[in-house]
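Trainee: The file below is protein-v2.tsv, TSV, C-alpha atoms (C1' of nucleotides):
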chain	number	residue	atom	x	y	z
A	173	MET	CA	24.96	-27.29	-8.58
A	174	THR	CA	24.47	-28.15	-12.21
A	175	GLU	CA	25.82	-25.93	-14.89
A	176	PRO	CA	22.89	-24.17	-16.49
A	177	THR	CA	22.59	-25.17	-20.12
A	178	HIS	CA	21.74	-21.61	-20.95
A	179	ALA	CA	20.93	-18.71	-18.76
A	180	VAL	CA	17.22	-18.04	-18.64
A	181	ASP	CA	16.66	-14.75	-20.31
A	182	PRO	CA	14.70	-12.71	-17.78
A	183	VAL	CA	13.62	-10.14	-20.34
A	184	ARG	CA	11.96	-12.71	-22.52
A	185	LEU	CA	10.53	-14.56	-19.59
A	186	ARG	CA	8.91	-11.42	-18.31
A	187	ALA	CA	7.43	-10.59	-21.68
A	188	TYR	CA	6.10	-14.08	-22.09
A	189	PHE	CA	4.48	-14.27	-18.69
A	190	ALA	CA	3.01	-10.81	-19.03
A	191	LEU	CA	1.45	-11.84	-22.30
A	192	ILE	CA	0.02	-15.03	-20.88
A	193	GLU	CA	-1.31	-13.32	-17.82
A	194	VAL	CA	-2.90	-10.41	-19.63
A	195	SER	CA	-4.56	-12.59	-22.22
A	196	GLY	CA	-5.84	-14.95	-19.57
A	197	LEU	CA	-7.44	-12.22	-17.54
A	198	LEU	CA	-8.78	-10.54	-20.63
A	199	ARG	CA	-10.30	-13.70	-21.94
A	200	HIS	CA	-11.95	-14.40	-18.63
A	201	ALA	CA	-13.64	-11.02	-18.65
A	202	ILE	CA	-14.60	-11.35	-22.29
A	203	GLU	CA	-16.24	-14.68	-21.73
A	204	GLN	CA	-18.49	-13.21	-19.11
A	205	GLN	CA	-19.46	-10.33	-21.36
A	206	LEU	CA	-20.24	-12.58	-24.32
A	207	GLN	CA	-22.28	-14.87	-22.15
A	208	ALA	CA	-24.26	-12.03	-20.65
A	209	ASP	CA	-24.83	-10.01	-23.80
A	210	GLY	CA	-25.23	-12.71	-26.42
A	211	ASP	CA	-25.40	-16.12	-24.76
A	212	LEU	CA	-22.16	-16.87	-26.56
A	213	THR	CA	-19.03	-18.66	-25.51
A	214	PHE	CA	-15.69	-17.32	-26.61
A	215	VAL	CA	-15.14	-20.19	-28.99
A	216	ARG	CA	-18.48	-19.69	-30.69
A	217	PHE	CA	-17.86	-15.97	-30.92
A	218	GLN	CA	-14.55	-16.66	-32.62
A	219	ILE	CA	-16.20	-18.97	-35.11
A	220	LEU	CA	-18.83	-16.40	-35.98
A	221	ARG	CA	-16.33	-13.59	-36.25
A	222	ARG	CA	-14.07	-15.57	-38.51
A	223	LEU	CA	-16.94	-16.46	-40.77
A	224	GLN	CA	-18.07	-12.87	-40.82
A	225	LEU	CA	-14.63	-11.80	-42.01
A	226	SER	CA	-14.40	-14.55	-44.61
A	227	PRO	CA	-15.35	-13.83	-48.19
A	228	ALA	CA	-19.04	-14.66	-48.63
A	229	GLY	CA	-19.12	-15.46	-44.90
A	230	ARG	CA	-18.28	-19.09	-45.48
A	231	GLN	CA	-15.42	-21.49	-44.92
A	232	ARG	CA	-14.52	-25.14	-45.07
A	233	MET	CA	-14.91	-27.03	-41.84
A	234	THR	CA	-11.35	-28.24	-41.64
A	235	ASP	CA	-9.91	-24.82	-42.40
A	236	LEU	CA	-12.04	-23.33	-39.68
A	237	ALA	CA	-11.03	-26.04	-37.25
A	238	ASP	CA	-7.39	-25.25	-37.92
A	239	ALA	CA	-7.99	-21.55	-37.45
A	240	ILE	CA	-9.73	-21.87	-34.12
A	241	VAL	CA	-7.31	-24.54	-32.93
A	242	PHE	CA	-9.54	-27.49	-32.60
A	243	SER	CA	-10.10	-31.05	-33.43
A	244	ARG	CA	-12.51	-31.56	-36.28
A	245	SER	CA	-14.93	-33.25	-33.97
A	246	GLY	CA	-14.79	-30.26	-31.68
A	247	LEU	CA	-15.83	-27.98	-34.48
A	248	THR	CA	-18.58	-30.34	-35.53
A	249	TYR	CA	-19.90	-30.10	-32.00
A	250	GLN	CA	-19.76	-26.30	-31.87
A	251	ALA	CA	-21.15	-25.96	-35.38
A	252	GLY	CA	-24.05	-28.17	-34.38
A	253	LEU	CA	-24.87	-25.87	-31.49
A	254	LEU	CA	-24.60	-22.76	-33.64
A	255	GLU	CA	-26.70	-24.29	-36.39
A	256	LYS	CA	-29.40	-25.36	-33.99
A	257	VAL	CA	-29.83	-21.74	-32.97
A	258	GLY	CA	-29.77	-20.52	-36.57
A	259	LEU	CA	-26.51	-18.58	-36.41
A	260	VAL	CA	-24.80	-20.68	-39.09
A	261	VAL	CA	-25.76	-23.14	-41.80
A	262	ARG	CA	-23.82	-26.04	-43.23
A	263	ASN	CA	-23.93	-27.17	-46.82
A	264	PRO	CA	-22.00	-29.59	-48.94
A	265	SER	CA	-19.07	-27.95	-50.67
A	266	PRO	CA	-19.71	-27.41	-54.37
A	267	ASP	CA	-16.25	-28.42	-55.55
A	268	ASP	CA	-15.48	-31.29	-53.19
A	269	GLU	CA	-18.33	-33.62	-52.40
A	270	ARG	CA	-16.61	-34.73	-49.22
A	271	GLY	CA	-16.38	-31.23	-47.88
A	272	VAL	CA	-18.80	-29.18	-45.88
A	273	THR	CA	-19.09	-25.44	-46.01
A	274	ILE	CA	-20.18	-23.53	-42.96
A	275	ALA	CA	-21.67	-20.08	-43.45
A	276	ILE	CA	-22.83	-17.38	-41.11
A	277	THR	CA	-26.48	-16.40	-41.37
A	278	ASP	CA	-28.05	-12.96	-41.14
A	279	ALA	CA	-29.00	-13.79	-37.60
A	280	GLY	CA	-25.40	-14.68	-36.92
A	281	ARG	CA	-24.16	-11.38	-38.28
A	282	ALA	CA	-26.79	-9.54	-36.33
A	283	LEU	CA	-25.74	-11.23	-33.11
A	284	VAL	CA	-22.08	-10.40	-33.63
A	285	ASP	CA	-23.02	-6.80	-34.30
A	286	ALA	CA	-25.19	-6.72	-31.23
A	287	VAL	CA	-22.45	-8.07	-29.03
A	288	MET	CA	-19.60	-5.96	-30.31
A	289	PRO	CA	-20.28	-2.71	-28.44
A	290	GLY	CA	-20.25	-4.40	-25.07
A	291	HIS	CA	-17.30	-6.43	-26.20
A	292	GLU	CA	-15.30	-3.39	-27.08
A	293	ALA	CA	-16.28	-1.75	-23.86
A	294	VAL	CA	-14.70	-4.55	-21.89
A	295	VAL	CA	-11.58	-4.55	-24.01
A	296	ASP	CA	-11.31	-0.79	-23.71
A	297	ARG	CA	-11.71	-0.86	-19.99
A	298	LEU	CA	-9.25	-3.64	-19.31
A	299	LEU	CA	-6.73	-3.28	-22.08
A	300	PHE	CA	-6.80	0.07	-23.78
A	301	SER	CA	-7.35	2.23	-20.78
A	302	GLN	CA	-3.66	1.60	-20.17
A	303	LEU	CA	-2.50	1.99	-23.76
A	304	SER	CA	-2.27	4.99	-26.03
A	305	GLN	CA	-3.18	4.83	-29.66
A	306	ASP	CA	0.49	4.58	-30.43
A	307	ASP	CA	0.89	1.78	-27.94
A	308	ALA	CA	-1.87	-0.12	-29.66
A	309	ARG	CA	-0.14	0.37	-32.96
A	310	THR	CA	3.12	-0.85	-31.51
A	311	LEU	CA	1.44	-3.86	-30.01
A	312	THR	CA	-0.04	-4.79	-33.35
A	313	ALA	CA	3.29	-4.29	-35.05
A	314	LEU	CA	4.95	-6.61	-32.58
A	315	LEU	CA	2.35	-9.32	-32.60
A	316	THR	CA	1.36	-9.46	-36.24
A	317	PRO	CA	4.57	-11.09	-37.46
A	318	VAL	CA	4.35	-13.47	-34.53
A	319	ARG	CA	0.88	-14.49	-35.49
A	320	ASP	CA	1.82	-14.92	-39.13
A	321	HIS	CA	4.73	-17.07	-38.12
A	322	MET	CA	2.57	-19.21	-35.88
A	323	ARG	CA	0.01	-19.58	-38.60
A	324	GLU	CA	2.58	-20.93	-40.98
A	325	ALA	CA	2.46	-24.26	-39.23
A	326	PRO	CA	-1.00	-24.30	-37.74
A	327	PRO	CA	-2.00	-27.11	-35.43
A	328	ARG	CA	-3.63	-29.37	-37.92
A	329	SER	CA	-7.03	-30.54	-36.80
A	330	ALA	CA	-6.70	-33.44	-39.18
A	331	ARG	CA	-3.40	-34.97	-38.37
A	332	PRO	CA	-1.80	-36.77	-41.22
A	333	ARG	CA	-1.70	-40.44	-40.60
A	334	ARG	CA	1.70	-41.58	-39.59
A	335	ALA	CA	3.57	-43.35	-42.33
A	336	ARG	CA	3.57	-47.07	-41.90
A	337	SER	CA	6.91	-48.65	-41.28
B	236	MET	CA	-28.98	-0.51	-42.76
B	237	THR	CA	-28.62	0.69	-39.23
B	238	GLU	CA	-26.53	3.67	-38.33
B	239	PRO	CA	-23.43	2.52	-36.47
B	240	THR	CA	-23.50	3.81	-32.92
B	241	HIS	CA	-19.82	4.59	-32.95
B	242	ALA	CA	-17.06	3.89	-35.39
B	243	VAL	CA	-15.09	0.83	-34.41
B	244	ASP	CA	-11.50	1.80	-33.88
B	245	PRO	CA	-9.60	-0.44	-36.29
B	246	VAL	CA	-6.23	0.14	-34.66
B	247	ARG	CA	-7.39	-1.07	-31.29
B	248	LEU	CA	-9.38	-3.88	-32.78
B	249	ARG	CA	-6.35	-5.16	-34.63
B	250	ALA	CA	-4.20	-5.01	-31.55
B	251	TYR	CA	-6.77	-6.82	-29.50
B	252	PHE	CA	-7.36	-9.61	-31.98
B	253	ALA	CA	-3.65	-10.05	-32.57
B	254	LEU	CA	-3.16	-10.44	-28.84
B	255	ILE	CA	-5.96	-12.94	-28.50
B	256	GLU	CA	-4.84	-14.96	-31.46
B	257	VAL	CA	-1.18	-15.09	-30.52
B	258	SER	CA	-1.88	-16.05	-26.95
B	259	GLY	CA	-4.33	-18.71	-28.04
B	260	LEU	CA	-1.92	-20.36	-30.42
B	261	LEU	CA	0.90	-20.04	-27.94
B	262	ARG	CA	-1.08	-21.58	-25.17
B	263	HIS	CA	-2.11	-24.47	-27.34
B	264	ALA	CA	1.51	-25.27	-28.16
B	265	ILE	CA	2.56	-24.84	-24.56
B	266	GLU	CA	-0.08	-27.22	-23.33
B	267	GLN	CA	1.23	-29.93	-25.58
B	268	GLN	CA	4.79	-29.37	-24.45
B	269	LEU	CA	3.87	-29.43	-20.76
B	270	GLN	CA	1.87	-32.58	-21.23
B	271	ALA	CA	4.62	-34.32	-23.11
B	272	ASP	CA	7.54	-33.25	-20.95
B	273	GLY	CA	5.98	-33.22	-17.51
B	274	ASP	CA	2.48	-34.68	-17.62
B	275	LEU	CA	1.29	-31.22	-16.61
B	276	THR	CA	-1.65	-29.15	-17.70
B	277	PHE	CA	-1.21	-25.45	-18.16
B	278	VAL	CA	-3.27	-24.66	-15.11
B	279	ARG	CA	-1.25	-26.94	-12.89
B	280	PHE	CA	1.96	-25.53	-14.29
B	281	GLN	CA	0.77	-22.04	-13.43
B	282	ILE	CA	-0.04	-23.10	-9.91
B	283	LEU	CA	3.39	-24.62	-9.41
B	284	ARG	CA	5.18	-21.69	-10.93
B	285	ARG	CA	3.33	-19.20	-8.79
B	286	LEU	CA	4.12	-21.15	-5.68
B	287	GLN	CA	7.73	-21.40	-6.71
B	288	LEU	CA	7.93	-17.64	-7.02
B	289	SER	CA	6.16	-17.04	-3.74
B	290	PRO	CA	8.16	-16.43	-0.59
B	291	ALA	CA	8.74	-19.79	1.10
B	292	GLY	CA	6.94	-21.42	-1.81
B	293	ARG	CA	3.57	-21.17	-0.15
B	294	GLN	CA	0.34	-19.27	-0.50
B	295	ARG	CA	-3.19	-19.11	0.81
B	296	MET	CA	-5.70	-21.08	-1.20
B	297	THR	CA	-8.01	-18.18	-1.91
B	298	ASP	CA	-5.19	-15.90	-2.96
B	299	LEU	CA	-3.97	-18.52	-5.35
B	300	ALA	CA	-7.46	-19.07	-6.71
B	301	ASP	CA	-7.72	-15.37	-7.42
B	302	ALA	CA	-4.36	-15.34	-9.12
B	303	ILE	CA	-5.09	-18.21	-11.46
B	304	VAL	CA	-8.62	-16.99	-12.14
B	305	PHE	CA	-10.63	-19.74	-10.67
B	306	SER	CA	-13.39	-20.68	-8.38
B	307	ARG	CA	-12.22	-21.90	-5.02
B	308	SER	CA	-13.63	-25.31	-5.72
B	309	GLY	CA	-11.66	-25.43	-8.94
B	310	LEU	CA	-8.46	-24.83	-7.07
B	311	THR	CA	-9.37	-27.42	-4.46
B	312	TYR	CA	-9.76	-29.89	-7.30
B	313	GLN	CA	-6.45	-29.04	-8.92
B	314	ALA	CA	-4.64	-28.91	-5.60
B	315	GLY	CA	-5.97	-32.35	-4.84
B	316	LEU	CA	-4.50	-33.69	-8.05
B	317	LEU	CA	-1.16	-32.03	-7.43
B	318	GLU	CA	-1.04	-33.21	-3.86
B	319	LYS	CA	-1.85	-36.78	-4.81
B	320	VAL	CA	1.25	-36.80	-7.00
B	321	GLY	CA	3.38	-35.17	-4.31
B	322	LEU	CA	4.03	-31.89	-6.08
B	323	VAL	CA	2.37	-29.77	-3.39
B	324	VAL	CA	1.26	-30.13	0.22
B	325	ARG	CA	-1.54	-28.43	2.08
B	326	ASN	CA	-1.44	-27.42	5.71
B	327	PRO	CA	-3.60	-25.36	7.98
B	328	SER	CA	-2.56	-21.73	8.07
B	329	PRO	CA	-0.76	-20.84	11.28
B	330	ASP	CA	-2.42	-17.47	11.77
B	331	ASP	CA	-5.95	-18.21	10.62
B	332	GLU	CA	-7.38	-21.55	11.60
B	333	ARG	CA	-9.89	-21.41	8.78
B	334	GLY	CA	-7.24	-21.00	6.15
B	335	VAL	CA	-5.18	-23.52	4.25
B	336	THR	CA	-1.68	-22.98	2.99
B	337	ILE	CA	-0.54	-24.73	-0.12
B	338	ALA	CA	3.17	-25.19	-0.64
B	339	ILE	CA	5.29	-26.56	-3.44
B	340	THR	CA	7.43	-29.58	-2.58
B	341	ASP	CA	10.97	-30.36	-3.68
B	342	ALA	CA	9.50	-32.71	-6.23
B	343	GLY	CA	7.33	-29.88	-7.47
B	344	ARG	CA	10.29	-27.58	-7.87
B	345	ALA	CA	12.22	-30.30	-9.59
B	346	LEU	CA	9.44	-30.88	-12.06
B	347	VAL	CA	9.14	-27.20	-12.90
B	348	ASP	CA	12.88	-27.05	-13.43
B	349	ALA	CA	12.78	-30.14	-15.59
B	350	VAL	CA	10.03	-28.74	-17.74
B	351	MET	CA	11.37	-25.24	-18.18
B	352	PRO	CA	13.98	-25.84	-20.90
B	353	GLY	CA	11.47	-27.43	-23.25
B	354	HIS	CA	9.00	-24.78	-22.25
B	355	GLU	CA	11.33	-21.99	-23.18
B	356	ALA	CA	12.20	-23.72	-26.40
B	357	VAL	CA	8.58	-23.63	-27.48
B	358	VAL	CA	8.18	-20.02	-26.47
B	359	ASP	CA	11.39	-19.07	-28.24
B	360	ARG	CA	10.40	-20.84	-31.40
B	361	LEU	CA	6.88	-19.47	-31.59
B	362	LEU	CA	7.16	-16.08	-29.98
B	363	PHE	CA	10.69	-14.78	-29.73
B	364	SER	CA	11.98	-15.93	-33.05
B	365	GLN	CA	10.02	-12.97	-34.36
B	366	LEU	CA	11.00	-10.48	-31.67
B	367	SER	CA	14.25	-8.79	-30.85
B	368	GLN	CA	15.42	-8.26	-27.33
B	369	ASP	CA	14.19	-4.71	-27.59
B	370	ASP	CA	10.86	-5.89	-28.84
B	371	ALA	CA	10.54	-8.14	-25.83
B	372	ARG	CA	11.33	-5.23	-23.58
B	373	THR	CA	8.75	-3.10	-25.32
B	374	LEU	CA	6.16	-5.83	-25.04
B	375	THR	CA	6.75	-6.10	-21.32
B	376	ALA	CA	6.59	-2.35	-20.93
B	377	LEU	CA	3.25	-2.28	-22.71
B	378	LEU	CA	1.67	-5.21	-20.94
B	379	THR	CA	2.89	-4.74	-17.40
B	380	PRO	CA	0.70	-1.74	-16.61
B	381	VAL	CA	-2.18	-3.54	-18.26
B	382	ARG	CA	-1.69	-6.54	-16.03
B	383	ASP	CA	-1.38	-4.40	-12.93
B	384	HIS	CA	-4.57	-2.62	-13.85
B	385	MET	CA	-6.41	-5.88	-14.40
B	386	ARG	CA	-5.14	-7.24	-11.13
B	387	GLU	CA	-6.49	-4.28	-9.25
B	388	ALA	CA	-9.93	-5.78	-9.40
B	389	PRO	CA	-9.21	-9.46	-9.60
B	390	PRO	CA	-12.07	-11.83	-10.24
B	391	ARG	CA	-12.73	-12.85	-6.70
B	392	SER	CA	-12.96	-16.56	-6.39
B	393	ALA	CA	-15.03	-16.01	-3.33
B	394	ARG	CA	-17.65	-13.59	-4.44
B	395	PRO	CA	-18.92	-11.45	-1.65
B	396	ARG	CA	-22.48	-12.29	-0.85
B	397	ARG	CA	-24.88	-9.81	-2.28
B	398	ALA	CA	-26.33	-7.49	0.28
B	399	ARG	CA	-29.82	-8.47	1.28
B	400	SER	CA	-32.55	-6.00	0.41
C	281	DT	C1'	-5.34	-45.53	-50.15
C	282	DA	C1'	-6.02	-40.82	-48.31
C	283	DT	C1'	-9.08	-37.23	-46.86
C	284	DT	C1'	-13.53	-34.98	-45.13
C	285	DG	C1'	-16.71	-34.72	-41.75
C	286	DT	C1'	-19.70	-37.02	-38.21
C	287	DT	C1'	-20.64	-39.99	-34.36
C	288	DA	C1'	-19.91	-42.53	-30.13
C	289	DT	C1'	-17.52	-42.43	-26.12
C	290	DA	C1'	-14.89	-41.39	-22.23
C	291	DC	C1'	-12.74	-38.03	-19.64
C	292	DT	C1'	-11.32	-33.58	-17.77
C	293	DC	C1'	-12.51	-29.44	-16.08
C	294	DT	C1'	-15.41	-25.84	-14.14
C	295	DA	C1'	-18.87	-23.59	-11.47
C	296	DT	C1'	-22.85	-23.48	-8.10
C	297	DA	C1'	-24.72	-24.58	-3.96
C	298	DA	C1'	-24.69	-26.83	0.33
C	299	DC	C1'	-21.91	-27.72	4.24
C	300	DT	C1'	-18.32	-27.41	8.18
C	301	DA	C1'	-15.41	-24.81	10.88
C	302	DT	C1'	-13.40	-20.70	12.44
C	303	DA	C1'	-13.28	-15.26	12.98
D	101	DT	C1'	-22.91	-12.93	10.54
D	102	DA	C1'	-19.05	-13.38	7.35
D	103	DT	C1'	-15.17	-15.89	5.54
D	104	DA	C1'	-12.05	-20.18	4.24
D	105	DG	C1'	-12.08	-24.28	2.21
D	106	DT	C1'	-14.20	-28.77	0.82
D	107	DT	C1'	-17.64	-31.70	-1.20
D	108	DA	C1'	-21.41	-33.13	-4.11
D	109	DT	C1'	-23.27	-32.52	-8.33
D	110	DA	C1'	-24.24	-31.46	-12.81
D	111	DG	C1'	-23.02	-29.60	-17.20
D	112	DA	C1'	-20.01	-28.19	-20.92
D	113	DG	C1'	-16.25	-28.98	-23.77
D	114	DT	C1'	-12.52	-31.76	-25.80
D	115	DA	C1'	-10.10	-35.38	-28.02
D	116	DT	C1'	-9.65	-40.22	-29.83
D	117	DA	C1'	-11.14	-43.75	-32.50
D	118	DA	C1'	-14.32	-45.86	-35.52
D	119	DC	C1'	-17.17	-44.98	-39.38
D	120	DA	C1'	-19.24	-43.52	-44.09
D	121	DA	C1'	-18.56	-41.18	-48.21
D	122	DT	C1'	-15.83	-39.17	-51.68
D	123	DA	C1'	-11.13	-38.20	-54.18
Kindly return the structure encoded in the file as structure tokens.
Mentor:
Amino acid sequence: MTEPTHAVDPVRLRAYFALIEVSGLLRHAIEQQLQADGDLTFVRFQILRRLQLSPAGRQRMTDLADAIVFSRSGLTYQAGLLEKVGLVVRNPSPDDERGVTIAITDAGRALVDAVMPGHEAVVDRLLFSQLSQDDARTLTALLTPVRDHMREAPPRSARPRRARS
Amino acid sequence: MTEPTHAVDPVRLRAYFALIEVSGLLRHAIEQQLQADGDLTFVRFQILRRLQLSPAGRQRMTDLADAIVFSRSGLTYQAGLLEKVGLVVRNPSPDDERGVTIAITDAGRALVDAVMPGHEAVVDRLLFSQLSQDDARTLTALLTPVRDHMREAPPRSARPRRARS
DNA sequence: TATTGTTATACTCTATAACTATA
DNA sequence: TATAGTTATAGAGTATAACAATA
């Protein structure tokens, strides 16, 4: 029997797997709700929500790709779908001629608003029915620093080219 | 401006979005690690891990499909891939001739073991570097009842046929 | 020369429905 | 008749690489 390099910490393992499992089940349910109530996928909902929370409802493509964890081409694809339906518009960035700015439209905001009640209902039923207000606060307190830490080195959608040897 | 139907609870909303965001970023990082260290996708890793934790390392196909949140055909597909590489085997269930039992092989267990150290390293770096042991315990305590509640009505991979009118 | 975004392409995954076999 | 699992099929989503335009 090989000497274990380090004992697996069961406490952490349990926390990790609980997190993965809960979020997986939650996301599955959410995707069905978004599809039914707004003909939206989860990814497109995230894009819209992030734009809605951005100042002036707009963001640079690459920044948004990083935020949603995507390749740039993936975002181009999703943005194309959203634009075709009138939920977002793309325009050249004013400061950088190479850049493109994506902005949520009134229709986009309206759709997010329309979908939110049902969305919250699902989240309430699955997640918060088991958590008190204090629990929710605790959860946020635990996860916020984690998120900030993860965001410090976001998965870059535009990978820097490897230095030539 | 329309009257809001009900005030959105910001505490819950924050907790929910923090959870979604953290798990999304975590999963993205995990997928890369599993791919690099074991040529595994996250889904296939979950299947193997669940089998490994099962008594005798085996489970019924439909039960496993429910657990991983999948259609039965999706599991058949993934099981086929895993079986082709010798990480699992499928056999007819002894008690129910219709059923199929999927079991993890020694090679499957070995691969999970081989992948776990790197796996934990990623989780430690992204998640637990920001959480104390107590925090981890708290997180588990919060999420375990949530998971149990969600599992009470699992998304049935085999949806019961709707009653005819 | 590096970076932004798009396009072309190839591939993986997923679900639905039809089908077979057993309960 | 209902359930377990597979198969056929079709569609959506993703990433990589090549490309055009700007910095």
Trainee: Using all atoms listed in the file, can you tell me which of A:Thr277, A:Asn263, A:Thr312, A:Ser245 comes closest to chain D?
Mentor: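 Checking each of A:Thr277, A:Asn263, A:Thr312, A:Ser245 against chain D, counting all atoms listed in the file, the winner is A:Ser245.
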Trainee: Can you work out which residues from chain A touch chain C at a cut-off of 10 Å (counting all atoms listed in the file) and hand them back as a PyMOL selection string?
Mentor: chain A and resi 232-234+244-245+247-249+268-272+330+332-333
Trainee: Could you give me, as a ChimeraX atom specification, the residues within 8 Å of Ala253 of chain B, counting all atoms listed in the file and dropping anything in the same chain fewer than 6 positions from it?
Mentor: /A:312,315-316,319
Trainee: For atom CA of Arg247 of chain B and atom CA of Met385 of chain B, determine how far apart the two atoms are, in Å to one decimal place.
Mentor: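 Between these atoms lies a distance of 17.6 Å.
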Trainee: Based on all atoms listed in the file, which of the residues in chain B come within 9 Å of chain A? I want them as a PyMOL selection string.
Mentor: chain B and resi 240-241+243+246-264+303-304+352+355+358-359+361-366+368+370-382+384-386+389-390
Trainee: Record the distance separating atom CA of Ser392 of chain B and atom CA of Gly343 of chain B, expressed in Å with one decimal.
Mentor: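 Computing it gives 24.3 Å between the two atoms.
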Trainee: Around the point (-18.5, -16.9, -36.5) (coordinates from the file), which residues reach within 9 Å if we count all atoms listed in the file? Answer as an MDAnalysis selection string.
Mentor: chainID A and resid 215:225 229 254 259:260 275:276 280:281 284
Trainee: Would you save the residues from that selection as a PDB file, keeping the file's coordinate frame, using C-alpha atoms?
Mentor:
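Below is the file that was written, part21.pdb:
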ATOM      1  CA  VAL A 215     -15.140 -20.190 -28.990  1.00  0.00           C
ATOM      2  CA  ARG A 216     -18.480 -19.690 -30.690  1.00  0.00           C
ATOM      3  CA  PHE A 217     -17.860 -15.970 -30.920  1.00  0.00           C
ATOM      4  CA  GLN A 218     -14.550 -16.660 -32.620  1.00  0.00           C
ATOM      5  CA  ILE A 219     -16.200 -18.970 -35.110  1.00  0.00           C
ATOM      6  CA  LEU A 220     -18.830 -16.400 -35.980  1.00  0.00           C
ATOM      7  CA  ARG A 221     -16.330 -13.590 -36.250  1.00  0.00           C
ATOM      8  CA  ARG A 222     -14.070 -15.570 -38.510  1.00  0.00           C
ATOM      9  CA  LEU A 223     -16.940 -16.460 -40.770  1.00  0.00           C
ATOM     10  CA  GLN A 224     -18.070 -12.870 -40.820  1.00  0.00           C
ATOM     11  CA  LEU A 225     -14.630 -11.800 -42.010  1.00  0.00           C
ATOM     12  CA  GLY A 229     -19.120 -15.460 -44.900  1.00  0.00           C
ATOM     13  CA  LEU A 254     -24.600 -22.760 -33.640  1.00  0.00           C
ATOM     14  CA  LEU A 259     -26.510 -18.580 -36.410  1.00  0.00           C
ATOM     15  CA  VAL A 260     -24.800 -20.680 -39.090  1.00  0.00           C
ATOM     16  CA  ALA A 275     -21.670 -20.080 -43.450  1.00  0.00           C
ATOM     17  CA  ILE A 276     -22.830 -17.380 -41.110  1.00  0.00           C
ATOM     18  CA  GLY A 280     -25.400 -14.680 -36.920  1.00  0.00           C
ATOM     19  CA  ARG A 281     -24.160 -11.380 -38.280  1.00  0.00           C
ATOM     20  CA  VAL A 284     -22.080 -10.400 -33.630  1.00  0.00           C
TER      21      VAL A 284
END
Trainee: Provide the atom CA of Ser265 of chain A to atom C1' of DA115 of chain D distance in Å, to one decimal place.
Mentor: 25.5 Å
Trainee: Please report as an MDAnalysis selection string which residues of chain D come no farther than 10 Å from chain B, using all atoms listed in the file.
Mentor: chainID D and resid 102:107
